[in-house]
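Engineer: Please find final_39.cif (mmCIF, C-alpha atoms and all ligand atoms) on the next line:
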data_run
#
loop_
_atom_site.label_atom_id
_atom_site.label_comp_id
_atom_site.auth_asym_id
_atom_site.auth_seq_id
_atom_site.Cartn_x
_atom_site.Cartn_y
_atom_site.Cartn_z
CA MET A 3 2.04 -12.44 7.35
CA ALA A 4 -0.46 -11.62 4.61
CA ARG A 5 -2.85 -14.45 3.77
CA LYS A 6 -2.45 -15.78 0.22
CA ARG A 7 -5.47 -16.99 -1.74
CA SER A 8 -5.30 -20.44 -3.30
CA SER A 9 -4.30 -18.69 -6.54
CA GLY A 10 -1.34 -17.23 -4.62
CA ALA A 11 -2.80 -13.74 -5.06
CA VAL A 12 -2.88 -11.39 -2.07
CA SER A 13 -5.79 -8.95 -1.76
CA GLN A 14 -5.10 -5.30 -2.53
CA GLN A 15 -6.22 -4.37 1.00
CA GLU A 16 -3.59 -6.72 2.43
CA ARG A 17 -0.93 -5.45 0.02
CA MET A 18 -1.71 -1.82 0.87
CA ARG A 19 -1.49 -2.31 4.65
CA TRP A 20 2.25 -1.49 5.06
CA PHE A 21 1.97 1.32 2.50
CA HIS A 22 -0.67 3.13 4.57
CA LYS A 23 1.45 2.74 7.69
CA ALA A 24 4.54 4.02 5.83
CA ARG A 25 3.18 7.31 4.38
CA PHE A 26 6.69 8.58 3.54
CA GLY A 27 9.33 7.26 1.11
CA MET A 28 12.49 8.28 -0.71
CA PHE A 29 12.64 8.50 -4.49
CA VAL A 30 16.14 8.29 -6.02
CA HIS A 31 16.94 9.36 -9.58
CA PHE A 32 20.47 8.31 -10.42
CA GLY A 33 22.20 7.35 -13.64
CA LEU A 34 24.50 8.55 -16.41
CA TYR A 35 22.59 11.84 -16.51
CA ALA A 36 24.12 12.82 -13.14
CA ILE A 37 27.46 13.31 -14.93
CA PRO A 38 26.47 16.30 -17.13
CA GLY A 39 24.35 17.54 -14.20
CA ARG A 40 21.57 19.01 -16.30
CA GLY A 41 18.75 16.67 -15.26
CA GLU A 42 17.61 13.20 -16.31
CA TRP A 43 16.08 14.39 -19.59
CA VAL A 44 19.35 15.88 -20.87
CA MET A 45 19.75 13.28 -23.66
CA TYR A 46 16.38 14.14 -25.16
CA ARG A 47 16.25 17.85 -24.35
CA GLU A 48 19.65 18.43 -25.98
CA ARG A 49 19.03 15.79 -28.68
CA ILE A 50 22.34 14.07 -27.83
CA PRO A 51 22.83 11.18 -30.31
CA THR A 52 22.75 7.73 -28.70
CA ASP A 53 26.41 6.87 -29.31
CA GLU A 54 27.60 10.26 -28.06
CA TYR A 55 25.49 9.98 -24.89
CA ALA A 56 26.63 6.36 -24.36
CA LYS A 57 30.21 7.60 -23.92
CA LEU A 58 29.05 8.74 -20.46
CA ALA A 59 28.99 5.05 -19.50
CA ASP A 60 32.78 5.01 -19.85
CA ARG A 61 32.86 7.73 -17.15
CA PHE A 62 30.29 6.13 -14.81
CA ASN A 63 32.20 5.42 -11.61
CA PRO A 64 30.36 6.85 -8.55
CA LYS A 65 33.21 6.32 -6.10
CA LYS A 66 31.23 7.71 -3.18
CA PHE A 67 28.19 5.53 -3.84
CA ASP A 68 27.28 3.80 -0.59
CA ALA A 69 23.86 2.13 -0.52
CA ASP A 70 23.93 2.02 3.28
CA GLU A 71 24.44 5.79 3.30
CA TRP A 72 21.47 6.39 1.00
CA VAL A 73 19.30 4.13 3.16
CA SER A 74 20.51 5.72 6.38
CA ILE A 75 19.60 9.20 5.10
CA ALA A 76 16.13 7.92 4.18
CA LYS A 77 15.63 6.16 7.51
CA GLN A 78 16.76 9.19 9.54
CA ALA A 79 14.27 11.32 7.59
CA GLY A 80 11.48 9.05 8.81
CA MET A 81 11.05 7.36 5.43
CA LYS A 82 9.86 3.75 5.47
CA TYR A 83 10.57 2.71 1.86
CA MET A 84 12.60 3.72 -1.17
CA VAL A 85 12.10 3.70 -4.92
CA VAL A 86 15.31 3.77 -7.00
CA THR A 87 15.67 4.15 -10.77
CA THR A 88 16.73 0.76 -12.11
CA ARG A 89 16.60 2.14 -15.67
CA HIS A 90 15.42 5.58 -16.77
CA HIS A 91 14.42 6.78 -20.26
CA ASP A 92 18.04 6.83 -21.47
CA GLY A 93 18.17 3.03 -21.31
CA PHE A 94 21.17 2.69 -19.00
CA CYS A 95 20.62 -0.05 -16.41
CA LEU A 96 21.83 0.24 -12.82
CA PHE A 97 21.40 -3.54 -12.61
CA ASP A 98 23.15 -6.46 -14.31
CA SER A 99 20.60 -7.09 -17.02
CA GLN A 100 21.30 -10.16 -19.18
CA VAL A 101 19.43 -8.63 -22.12
CA SER A 102 21.43 -5.41 -22.37
CA ASP A 103 25.12 -4.57 -22.30
CA TYR A 104 24.26 -0.93 -21.47
CA LYS A 105 24.58 -1.27 -17.74
CA SER A 106 26.50 -0.33 -14.62
CA THR A 107 28.28 -3.71 -14.53
CA ASN A 108 29.83 -2.87 -17.92
CA SER A 109 31.12 0.50 -16.75
CA PRO A 110 34.21 1.43 -14.69
CA PHE A 111 31.87 1.17 -11.67
CA GLY A 112 31.52 -2.53 -12.49
CA ARG A 113 28.85 -3.23 -9.86
CA ASP A 114 25.14 -4.02 -9.70
CA LEU A 115 23.96 -0.87 -7.91
CA VAL A 116 20.39 -2.20 -7.60
CA ALA A 117 21.58 -5.35 -5.82
CA GLU A 118 23.53 -3.26 -3.27
CA TYR A 119 20.54 -0.96 -2.76
CA VAL A 120 18.22 -3.91 -2.12
CA THR A 121 20.62 -5.45 0.42
CA ALA A 122 20.99 -2.14 2.27
CA CYS A 123 17.23 -1.58 2.37
CA ARG A 124 16.54 -5.01 3.81
CA LYS A 125 19.32 -4.60 6.40
CA ALA A 126 17.70 -1.37 7.56
CA GLY A 127 14.14 -2.70 7.47
CA LEU A 128 12.95 -0.43 4.64
CA LYS A 129 10.63 -1.66 1.91
CA VAL A 130 12.12 -1.96 -1.59
CA GLY A 131 10.79 -0.15 -4.65
CA PHE A 132 12.02 -0.28 -8.24
CA TYR A 133 11.44 2.56 -10.70
CA TYR A 134 11.49 1.23 -14.28
CA SER A 135 10.99 3.27 -17.45
CA LEU A 136 9.04 1.45 -20.18
CA LEU A 137 10.25 3.82 -22.86
CA ASP A 138 13.87 3.77 -23.97
CA TRP A 139 14.96 6.69 -26.12
CA ARG A 140 17.61 4.55 -27.87
CA PHE A 141 14.87 2.77 -29.86
CA PRO A 142 13.77 4.70 -32.98
CA GLY A 143 10.58 2.65 -32.75
CA TYR A 144 9.63 4.62 -29.62
CA PHE A 145 9.43 7.88 -31.52
CA GLU A 146 8.26 6.44 -34.90
CA ARG A 147 6.60 3.11 -34.16
CA ASP A 148 5.05 2.79 -37.63
CA LYS A 149 8.26 3.68 -39.42
CA TYR A 150 10.38 1.33 -37.25
CA PRO A 151 7.98 -1.47 -36.18
CA ASP A 152 10.73 -3.99 -35.41
CA SER A 153 12.45 -1.47 -33.13
CA ALA A 154 9.17 -0.80 -31.31
CA LYS A 155 8.66 -4.54 -30.82
CA ALA A 156 12.25 -4.94 -29.58
CA MET A 157 11.70 -2.14 -27.04
CA VAL A 158 8.55 -3.82 -25.68
CA ARG A 159 10.37 -7.15 -25.58
CA GLN A 160 13.17 -5.53 -23.57
CA VAL A 161 10.55 -4.27 -21.06
CA HIS A 162 9.09 -7.72 -20.47
CA GLN A 163 12.50 -9.36 -20.21
CA GLN A 164 14.02 -6.74 -17.90
CA VAL A 165 10.98 -6.46 -15.64
CA GLU A 166 11.05 -10.24 -15.27
CA GLU A 167 14.76 -10.01 -14.36
CA LEU A 168 13.94 -7.40 -11.72
CA MET A 169 11.05 -9.48 -10.36
CA THR A 170 13.00 -12.73 -10.12
CA ARG A 171 16.59 -11.91 -9.23
CA TYR A 172 16.41 -9.53 -6.25
CA GLY A 173 14.12 -11.28 -3.79
CA ARG A 174 10.87 -9.74 -2.53
CA ILE A 175 10.08 -6.41 -4.17
CA ASP A 176 7.44 -4.21 -2.54
CA VAL A 177 6.76 -1.49 -5.16
CA LEU A 178 7.07 -1.51 -8.95
CA TRP A 179 7.09 2.11 -10.06
CA TYR A 180 6.59 2.16 -13.82
CA ASP A 181 7.23 5.31 -15.76
CA GLY A 182 7.45 6.37 -19.39
CA GLY A 183 4.29 4.62 -20.51
CA TRP A 184 3.30 7.43 -22.83
CA VAL A 185 4.00 6.86 -26.54
CA PRO A 186 4.06 9.71 -29.10
CA ASP A 187 0.77 9.96 -31.05
CA LEU A 188 -0.78 7.06 -29.09
CA PRO A 189 -3.94 7.80 -27.04
CA HIS A 190 -3.63 6.91 -23.33
CA GLU A 191 -6.27 4.20 -23.65
CA ARG A 192 -4.07 2.34 -26.17
CA GLN A 193 -0.88 2.42 -24.07
CA ALA A 194 -1.64 -0.83 -22.22
CA GLY A 195 -2.07 -2.58 -25.55
CA PHE A 196 1.19 -1.24 -26.94
CA TRP A 197 3.20 -2.32 -23.86
CA GLN A 198 1.14 -5.53 -23.41
CA SER A 199 0.71 -4.36 -19.84
CA LYS A 200 -1.87 -6.92 -18.76
CA LYS A 201 0.49 -9.77 -19.68
CA LEU A 202 3.40 -7.86 -18.12
CA ASN A 203 1.63 -7.23 -14.82
CA ASN A 204 0.22 -10.76 -14.61
CA MET A 205 3.81 -11.95 -14.83
CA VAL A 206 4.88 -9.44 -12.17
CA ARG A 207 2.15 -10.50 -9.75
CA ARG A 208 2.89 -14.17 -10.38
CA HIS A 209 6.47 -13.65 -9.24
CA GLN A 210 5.66 -11.03 -6.57
CA PRO A 211 2.15 -11.62 -5.14
CA HIS A 212 2.58 -8.89 -2.48
CA ILE A 213 3.79 -6.16 -4.80
CA LEU A 214 2.18 -2.75 -5.30
CA ILE A 215 2.19 -1.50 -8.89
CA ASN A 216 1.56 2.12 -9.89
CA ASN A 217 -0.69 3.38 -12.70
CA ARG A 218 1.95 4.25 -15.28
CA SER A 219 1.98 1.15 -17.47
CA GLY A 220 -1.39 2.11 -18.93
CA THR A 221 -3.48 0.14 -16.41
CA ASN A 222 -4.71 1.44 -13.03
CA GLU A 223 -3.21 -1.29 -10.83
CA ASP A 224 -2.76 -0.14 -7.21
CA LEU A 225 -1.52 3.45 -7.02
CA ASP A 226 -2.27 6.83 -8.57
CA THR A 227 0.85 8.97 -8.94
CA PRO A 228 0.28 12.75 -8.79
CA GLU A 229 3.60 14.27 -9.74
CA GLN A 230 4.94 17.51 -8.20
CA HIS A 231 1.58 18.12 -6.50
CA VAL A 232 -0.37 16.62 -3.62
CA THR A 233 -3.84 15.63 -4.80
CA ALA A 234 -5.78 12.93 -2.98
CA SER A 235 -7.49 10.16 -4.93
CA ASP A 236 -11.01 9.06 -4.02
CA PRO A 237 -11.36 7.29 -0.64
CA GLY A 238 -10.25 3.67 -0.94
CA ARG A 239 -7.91 4.29 -3.93
CA GLY A 240 -4.17 4.11 -3.18
CA TRP A 241 -2.12 7.12 -4.19
CA GLU A 242 1.30 8.63 -3.72
CA SER A 243 2.50 12.14 -4.49
CA CYS A 244 6.04 12.20 -5.90
CA MET A 245 8.04 15.40 -5.66
CA THR A 246 11.50 16.88 -5.98
CA ILE A 247 13.16 18.82 -3.17
CA GLY A 248 14.52 21.22 -5.77
CA ASP A 249 12.08 22.90 -8.09
CA SER A 250 10.31 20.78 -10.67
CA CYS A 251 12.81 21.24 -13.48
CA GLY A 252 14.44 17.88 -12.92
CA TRP A 253 14.64 14.72 -10.83
CA GLY A 254 18.21 13.78 -11.67
CA TYR A 255 21.10 15.89 -10.41
CA ILE A 256 21.07 19.50 -11.62
CA ARG A 257 24.40 21.01 -10.74
CA ASN A 258 23.36 24.66 -10.71
CA ASN A 259 19.80 24.65 -9.44
CA PRO A 260 19.28 27.62 -7.13
CA ASN A 261 15.73 26.69 -6.11
CA PHE A 262 14.97 24.28 -3.26
CA LYS A 263 11.73 23.96 -1.29
CA THR A 264 11.80 25.03 2.36
CA VAL A 265 11.46 22.55 5.21
CA PRO A 266 8.03 23.93 6.20
CA GLN A 267 6.83 23.51 2.59
CA LEU A 268 8.07 19.91 2.48
CA ILE A 269 6.49 19.08 5.85
CA GLN A 270 3.21 20.67 4.80
CA ASN A 271 3.24 18.45 1.70
CA LEU A 272 3.86 15.39 3.87
CA CYS A 273 0.96 16.38 6.15
CA ARG A 274 -1.29 17.06 3.15
CA ALA A 275 -0.55 13.60 1.74
CA ALA A 276 -1.21 11.97 5.11
CA ALA A 277 -4.47 13.95 5.46
CA GLY A 278 -5.66 12.40 2.19
CA GLU A 279 -4.62 8.84 3.21
CA GLY A 280 -1.84 9.05 0.60
CA ASN A 281 1.95 8.83 0.61
CA TYR A 282 4.70 11.31 -0.09
CA LEU A 283 7.61 10.06 -2.21
CA LEU A 284 10.30 12.72 -1.88
CA ASN A 285 13.14 12.64 -4.41
CA VAL A 286 16.91 12.99 -4.21
CA GLY A 287 19.17 13.22 -7.26
CA PRO A 288 22.64 12.00 -6.24
CA LYS A 289 25.73 13.68 -7.64
CA PRO A 290 27.98 11.94 -10.21
CA ASP A 291 30.10 10.53 -7.35
CA GLY A 292 27.00 8.87 -5.87
CA SER A 293 26.72 11.11 -2.81
CA ILE A 294 23.58 13.10 -2.05
CA ARG A 295 23.90 16.90 -2.11
CA ASN A 296 23.75 18.93 1.10
CA GLU A 297 20.71 20.93 -0.04
CA GLU A 298 18.80 17.63 0.04
CA THR A 299 20.37 15.90 3.06
CA SER A 300 19.98 18.98 5.29
CA ARG A 301 16.24 19.22 4.52
CA LEU A 302 15.74 15.48 5.00
CA LYS A 303 17.51 15.65 8.37
CA ALA A 304 15.21 18.48 9.48
CA ILE A 305 12.13 16.56 8.35
CA GLY A 306 13.34 13.54 10.32
CA GLU A 307 13.71 15.66 13.47
CA TRP A 308 10.11 16.86 12.99
CA VAL A 309 8.79 13.36 12.31
CA ASP A 310 10.53 12.08 15.46
CA THR A 311 8.13 14.27 17.49
CA TYR A 312 5.04 14.41 15.29
CA GLY A 313 5.16 11.16 13.32
CA GLU A 314 2.00 9.86 15.06
CA ALA A 315 0.07 12.46 13.03
CA ILE A 316 1.48 11.03 9.78
CA TYR A 317 2.06 7.26 9.92
CA ASP A 318 -1.02 5.10 9.28
CA SER A 319 -3.09 8.31 9.05
CA GLN A 320 -6.77 8.40 8.14
CA ARG A 321 -8.92 11.13 6.62
CA CYS A 322 -10.58 13.62 8.97
CA ASP A 323 -13.31 15.87 7.57
CA LEU A 324 -13.26 18.48 10.34
CA PRO A 325 -12.73 22.03 9.04
CA ALA A 326 -9.35 23.64 9.74
CA GLY A 327 -9.77 26.99 8.03
CA GLN A 328 -6.50 28.79 7.34
CA ILE A 329 -4.78 27.17 10.31
CA GLY A 330 -3.69 24.03 8.43
CA LEU A 331 -5.30 20.59 8.16
CA TRP A 332 -6.44 17.54 10.15
CA THR A 333 -5.19 13.99 10.07
CA ARG A 334 -6.74 11.23 12.18
CA LYS A 335 -6.09 7.87 13.79
CA GLY A 336 -9.27 6.35 15.16
CA ASN A 337 -10.77 8.81 17.67
CA ASP A 338 -7.58 10.86 17.88
CA ALA A 339 -7.30 13.78 15.47
CA TYR A 340 -4.25 15.91 14.74
CA LEU A 341 -4.55 19.58 13.82
CA CYS A 342 -1.38 20.20 11.79
CA ILE A 343 -0.77 23.94 12.17
CA PHE A 344 0.89 25.81 9.31
CA ARG A 345 -0.30 29.31 10.33
CA TRP A 346 -0.22 29.91 14.07
CA PRO A 347 -3.65 31.08 15.34
CA GLY A 348 -2.39 32.85 18.50
CA LYS A 349 -3.54 32.05 22.05
CA GLU A 350 -6.48 29.96 20.90
CA ALA A 351 -7.46 27.78 17.97
CA VAL A 352 -11.13 27.83 16.95
CA VAL A 353 -12.64 24.97 14.94
CA PRO A 354 -16.32 25.21 13.89
CA LEU A 355 -18.84 22.42 13.32
CA VAL A 356 -17.18 19.76 15.47
CA GLY A 357 -19.63 16.91 15.83
CA ALA A 358 -17.93 14.87 18.55
CA LYS A 359 -17.13 15.31 22.25
CA VAL A 360 -13.55 16.22 23.09
CA LYS A 361 -11.85 14.32 25.91
CA SER A 362 -8.51 16.17 25.84
CA ALA A 363 -6.30 18.40 23.72
CA THR A 364 -2.50 18.62 23.84
CA LEU A 365 0.05 20.74 22.00
CA LEU A 366 2.47 18.01 20.87
CA GLY A 367 6.14 18.71 21.16
CA GLU A 368 5.55 20.98 24.15
CA GLY A 369 3.37 18.40 25.95
CA LYS A 370 1.07 21.27 26.96
CA ARG A 371 -2.54 20.37 27.85
CA LEU A 372 -4.98 22.91 26.39
CA LYS A 373 -8.25 24.24 27.76
CA VAL A 374 -11.23 22.91 25.78
CA ARG A 375 -14.56 24.71 25.30
CA GLN A 376 -17.25 23.20 23.06
CA GLU A 377 -20.13 25.54 22.23
CA HIS A 378 -23.69 24.57 21.30
CA ASN A 379 -23.22 25.00 17.57
CA GLY A 380 -20.24 22.64 17.44
CA ARG A 381 -17.70 25.42 17.80
CA LEU A 382 -14.55 24.11 19.48
CA VAL A 383 -12.22 26.59 21.20
CA LEU A 384 -8.79 25.30 22.24
CA SER A 385 -7.05 27.85 24.44
CA GLY A 386 -3.86 28.16 26.47
CA LEU A 387 -1.61 28.28 23.41
CA PRO A 388 1.49 30.51 23.52
CA VAL A 389 0.96 33.78 21.69
CA ARG A 390 3.96 33.07 19.46
CA PRO A 391 4.34 29.73 17.70
CA PRO A 392 6.92 27.32 19.11
CA MET A 393 9.90 27.42 16.75
CA LYS A 394 8.90 24.39 14.67
CA PRO A 395 8.46 23.96 10.88
CA ALA A 396 4.87 22.92 11.77
CA ASN A 397 3.07 22.44 15.08
CA VAL A 398 0.44 19.83 15.94
CA ILE A 399 -2.43 19.79 18.42
CA LYS A 400 -3.58 16.28 19.28
CA VAL A 401 -7.29 16.16 20.12
CA ARG A 402 -8.67 13.00 21.70
CA PHE A 403 -12.40 12.57 20.98
CA ALA A 404 -14.93 10.31 22.68
CA SER A 405 -15.98 8.99 19.24
CA GLU A 406 -14.83 9.31 15.64
CA PRO A 407 -14.57 13.07 14.98
CA LYS A 408 -16.96 14.07 12.21
CA PRO A 409 -18.21 17.53 11.19
CA LEU A 410 -21.70 18.70 12.13
CA THR A 411 -24.06 19.14 9.19
CA GLU A 412 -25.39 22.69 8.99
CA THR A 413 -29.12 22.09 8.57
CA ASP A 414 -29.77 25.83 8.92
CA LYS A 415 -26.85 27.62 7.30
CA ALA A 416 -27.67 30.86 9.14
CA ALA A 417 -27.95 29.26 12.60
CA TRP A 418 -24.37 30.19 13.53
CA LEU A 419 -25.20 33.88 13.30
CA GLU A 420 -27.04 33.79 16.62
CA ALA A 421 -24.83 32.82 19.56
CA LYS A 422 -26.48 30.21 21.76
CA ALA A 423 -25.52 29.40 25.37
C1 LIG A 501 8.42 11.24 -15.43
C2 LIG A 501 9.85 11.19 -15.97
O1 LIG A 501 9.84 11.64 -17.31
C3 LIG A 501 10.73 12.05 -15.11
O2 LIG A 501 12.03 12.02 -15.61
C4 LIG A 501 10.69 11.51 -13.66
O3 LIG A 501 11.22 10.20 -13.64
C5 LIG A 501 9.25 11.53 -13.17
C6 LIG A 501 9.11 10.92 -11.80
O4 LIG A 501 8.39 10.80 -14.07
O5 LIG A 501 7.96 12.58 -15.54
C7 LIG A 501 6.77 12.83 -16.11
C8 LIG A 501 5.83 11.86 -16.31
C9 LIG A 501 4.60 12.19 -16.86
C10 LIG A 501 4.36 13.50 -17.24
C11 LIG A 501 5.33 14.47 -17.05
C12 LIG A 501 6.53 14.14 -16.48
N1 LIG A 501 3.09 13.86 -17.81
O6 LIG A 501 2.24 12.96 -17.95
O7 LIG A 501 2.90 15.04 -18.17
#
As C-alpha cells, please, write out the structure in this file.

Structural biologist:
Amino acid sequence: MARKRSSGAVSQQERMRWFHKARFGMFVHFGLYAIPGRGEWVMYRERIPTDEYAKLADRFNPKKFDADEWVSIAKQAGMKYMVVTTRHHDGFCLFDSQVSDYKSTNSPFGRDLVAEYVTACRKAGLKVGFYYSLLDWRFPGYFERDKYPDSAKAMVRQVHQQVEELMTRYGRIDVLWYDGGWVPDLPHERQAGFWQSKKLNNMVRRHQPHILINNRSGTNEDLDTPEQHVTASDPGRGWESCMTIGDSCGWGYIRNNPNFKTVPQLIQNLCRAAAGEGNYLLNVGPKPDGSIRNEETSRLKAIGEWVDTYGEAIYDSQRCDLPAGQIGLWTRKGNDAYLCIFRWPGKEAVVPLVGAKVKSATLLGEGKRLKVRQEHNGRLVLSGLPVRPPMKPANVIKVRFASEPKPLTETDKAAWLEAKA
C-alpha cells in the first residue's frame, strides 16, 4: 500500500510504480460517433450542426455492449489497465452526469456505461483510466471565446463539475487521461489558465491522491503522451505512447477502413515503448452495437499469445543502452537483458561494445541455451541460433549478466579495426 504524506499526497514515484510494471493498456474510443462509422471527429469534420448530430443519441443503444467482454479482451492481450472515453469532443457523456442531459442514461441504452466498465475492470484486476475531453464542440465559446465569453465560461465550468463527478462517484481511479486542451488562437502556454487546470488538478488529486494525470490539460503532471508514435521521454519522466490498431485516420469506429497494422508492427511498438521505460496504450473503436471488430480482437489475441511467452521482456522493463544494430532493441530488468529480435540475424547474433560479463544466454520461447563468446573489445557473439527464425512475430534472447549491462565507451574509435585475441 503506497505511503501517504501527512497532506494525503502520494509521491509521483509511488504513483508510477504500478504503471511501470503494467507497460501495456487498452484505449477505448466509443460514443455516438460509432453510429455513422466515420471516426470520432465526424461532427466537426462534416460540420454537422449540434441539434442534427444530437439525434444520434436517440439511436444510441449498443445492445452487444458487455463491459466484461471488453475487459476480457484487454486482459487476454496482456493489458494491465484500460482508458475509456467518458466524454469525447462531441460532448456526449457515457456516464450519468448530473450537469448534462446529453448522456447515455438519457438514451435508449439507458445505462451508465462508465460505471459498468469500472466494475468490470475491478473484477478482473485491471487498473481504471478515464479519458475526458476538456473541449466540447457544442459550445460556441470554444471556437470564438471572445465573441461568446459566457459560453466559454460555461464550458470550463462543465469541465470542473464533470471531472469532479468522475473523481468522486466511481471509486478509486488510476489514470485521468485529459484530451482536447488546445483552444483555437490560444498559445499552449495559456491553455492551463483558460481551463483553470491548476485548480482542476488540485481538486482531482485531493479526491484521488494515487491518480496519474497526463499532460493534456496544459500542465505537465505525470505523463507525456506521444500520439501515433513511440518516442521516449527523458529518463525519469513518465510517458505513454497511444496508438490505433487501424491507421491513424481515426480512433472511433471507421466502418470501411482497409488499413490495419500487422501483429509484428504492434509488438515492435510495444517492445519499443518498454525499451524506453514507457507504456503502450493501444486503441480499439467498438462498433455501434458495442462489440469490438474482428480486425482488432484478432490482433490483440495474437499479441496476448506473444506476451504469454515473452512478457518478462516487457513488464516492469528498464532502459538498456547496449547497441542492437538492425537486429531490434534491448530491454532490461536488473542484470537480465532482453534482445528483442525484429530482423533475424541467422545462426549467430553479434553485439558490439558489451561492457559486462555474460553468465548465460537463452532463446526464449524455444528454451534453447546459446553459446556465448565475449571478445576483448566487448564484442559479444551469441551462437547456436537456428538459421531460420522461429515462426514468431518477434523473438527474444534473454542474456543474464554478472552485473548491470552497460556499453563500453570507445576511447579509441579506431581500436575495433584491429582484431585482438
Ligand atoms: C486527440 C483527439 O482529438 C482524438 O480524437 C483522440 O481522442 C486522440 C487520442 O487525442 O487527438 C489529437 C490530439 C492532439 C493533436 C492531434 C490529435 N495535436 O496536438 O496535433

Engineer: How would you write, as a list of chain:residue names, the set of residues no farther than 6 Å from ligand LIG 501 (chain A) when counting all atoms listed in the file?

Structural biologist: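 Listing the residues within 6 Å of ligand LIG 501 (chain A) gives A:Glu42, A:Asp181, A:Trp253.
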
Engineer: Using only C-alpha atoms, which residues sit within 10 Å of range 390-406 of chain A once same-chain residues fewer than 2 positions away are excluded, as a ChimeraX atom specification?

Structural biologist: /A:264-270,273,304-305,308,311-312,314-315,322,330-349,351,357-372,374,384,387-388,408-409

Engineer: So which residues touch Gln78 in chain A within 7 Å, counting only C-alpha atoms, skipping near sequence neighbours fewer than 4 positions away, as a list in words?

Structural biologist: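 Selected residues are Ser74, Lys303 and Gly306 of chain A.
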
Engineer: Just to confirm, what's the straight-line distance from CA of Arg19 in chain A to CA of Asn217 in chain A in Å (one decimal)?

Structural biologist: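 Separation of CA of Arg19 in chain A and CA of Asn217 in chain A: 18.3 Å.
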
Engineer: Taking 6 positions as the minimum chain separation for residues in the same chain, which residues sit within 12 Å of Leu136 in chain A when counting all atoms listed in the file? Answer as a PyMOL selection string.

Structural biologist: chain A and resi 87-93+144+154+156-165+178-185+193-194+196-199+202+218-220

Engineer: Would you write out those residues with C-alpha atoms, as a short mmCIF file (atom, residue, chain, number, x, y, z; two decimals), keeping the file's coordinate frame?

Structural biologist:
data_model
loop_
_atom_site.label_atom_id
_atom_site.label_comp_id
_atom_site.auth_asym_id
_atom_site.auth_seq_id
_atom_site.Cartn_x
_atom_site.Cartn_y
_atom_site.Cartn_z
CA THR A 87 15.67 4.15 -10.77
CA THR A 88 16.73 0.76 -12.11
CA ARG A 89 16.60 2.14 -15.67
CA HIS A 90 15.42 5.58 -16.77
CA HIS A 91 14.42 6.78 -20.26
CA ASP A 92 18.04 6.83 -21.47
CA GLY A 93 18.17 3.03 -21.31
CA TYR A 144 9.63 4.62 -29.62
CA ALA A 154 9.17 -0.80 -31.31
CA ALA A 156 12.25 -4.94 -29.58
CA MET A 157 11.70 -2.14 -27.04
CA VAL A 158 8.55 -3.82 -25.68
CA ARG A 159 10.37 -7.15 -25.58
CA GLN A 160 13.17 -5.53 -23.57
CA VAL A 161 10.55 -4.27 -21.06
CA HIS A 162 9.09 -7.72 -20.47
CA GLN A 163 12.50 -9.36 -20.21
CA GLN A 164 14.02 -6.74 -17.90
CA VAL A 165 10.98 -6.46 -15.64
CA LEU A 178 7.07 -1.51 -8.95
CA TRP A 179 7.09 2.11 -10.06
CA TYR A 180 6.59 2.16 -13.82
CA ASP A 181 7.23 5.31 -15.76
CA GLY A 182 7.45 6.37 -19.39
CA GLY A 183 4.29 4.62 -20.51
CA TRP A 184 3.30 7.43 -22.83
CA VAL A 185 4.00 6.86 -26.54
CA GLN A 193 -0.88 2.42 -24.07
CA ALA A 194 -1.64 -0.83 -22.22
CA PHE A 196 1.19 -1.24 -26.94
CA TRP A 197 3.20 -2.32 -23.86
CA GLN A 198 1.14 -5.53 -23.41
CA SER A 199 0.71 -4.36 -19.84
CA LEU A 202 3.40 -7.86 -18.12
CA ARG A 218 1.95 4.25 -15.28
CA SER A 219 1.98 1.15 -17.47
CA GLY A 220 -1.39 2.11 -18.93
#

Engineer: For Lys263 in chain A, which residue out of A:Lys129, A:Arg301, A:Arg381, A:Lys65 is the nearest one, using all atoms listed in the file?

Structural biologist: A:Arg301
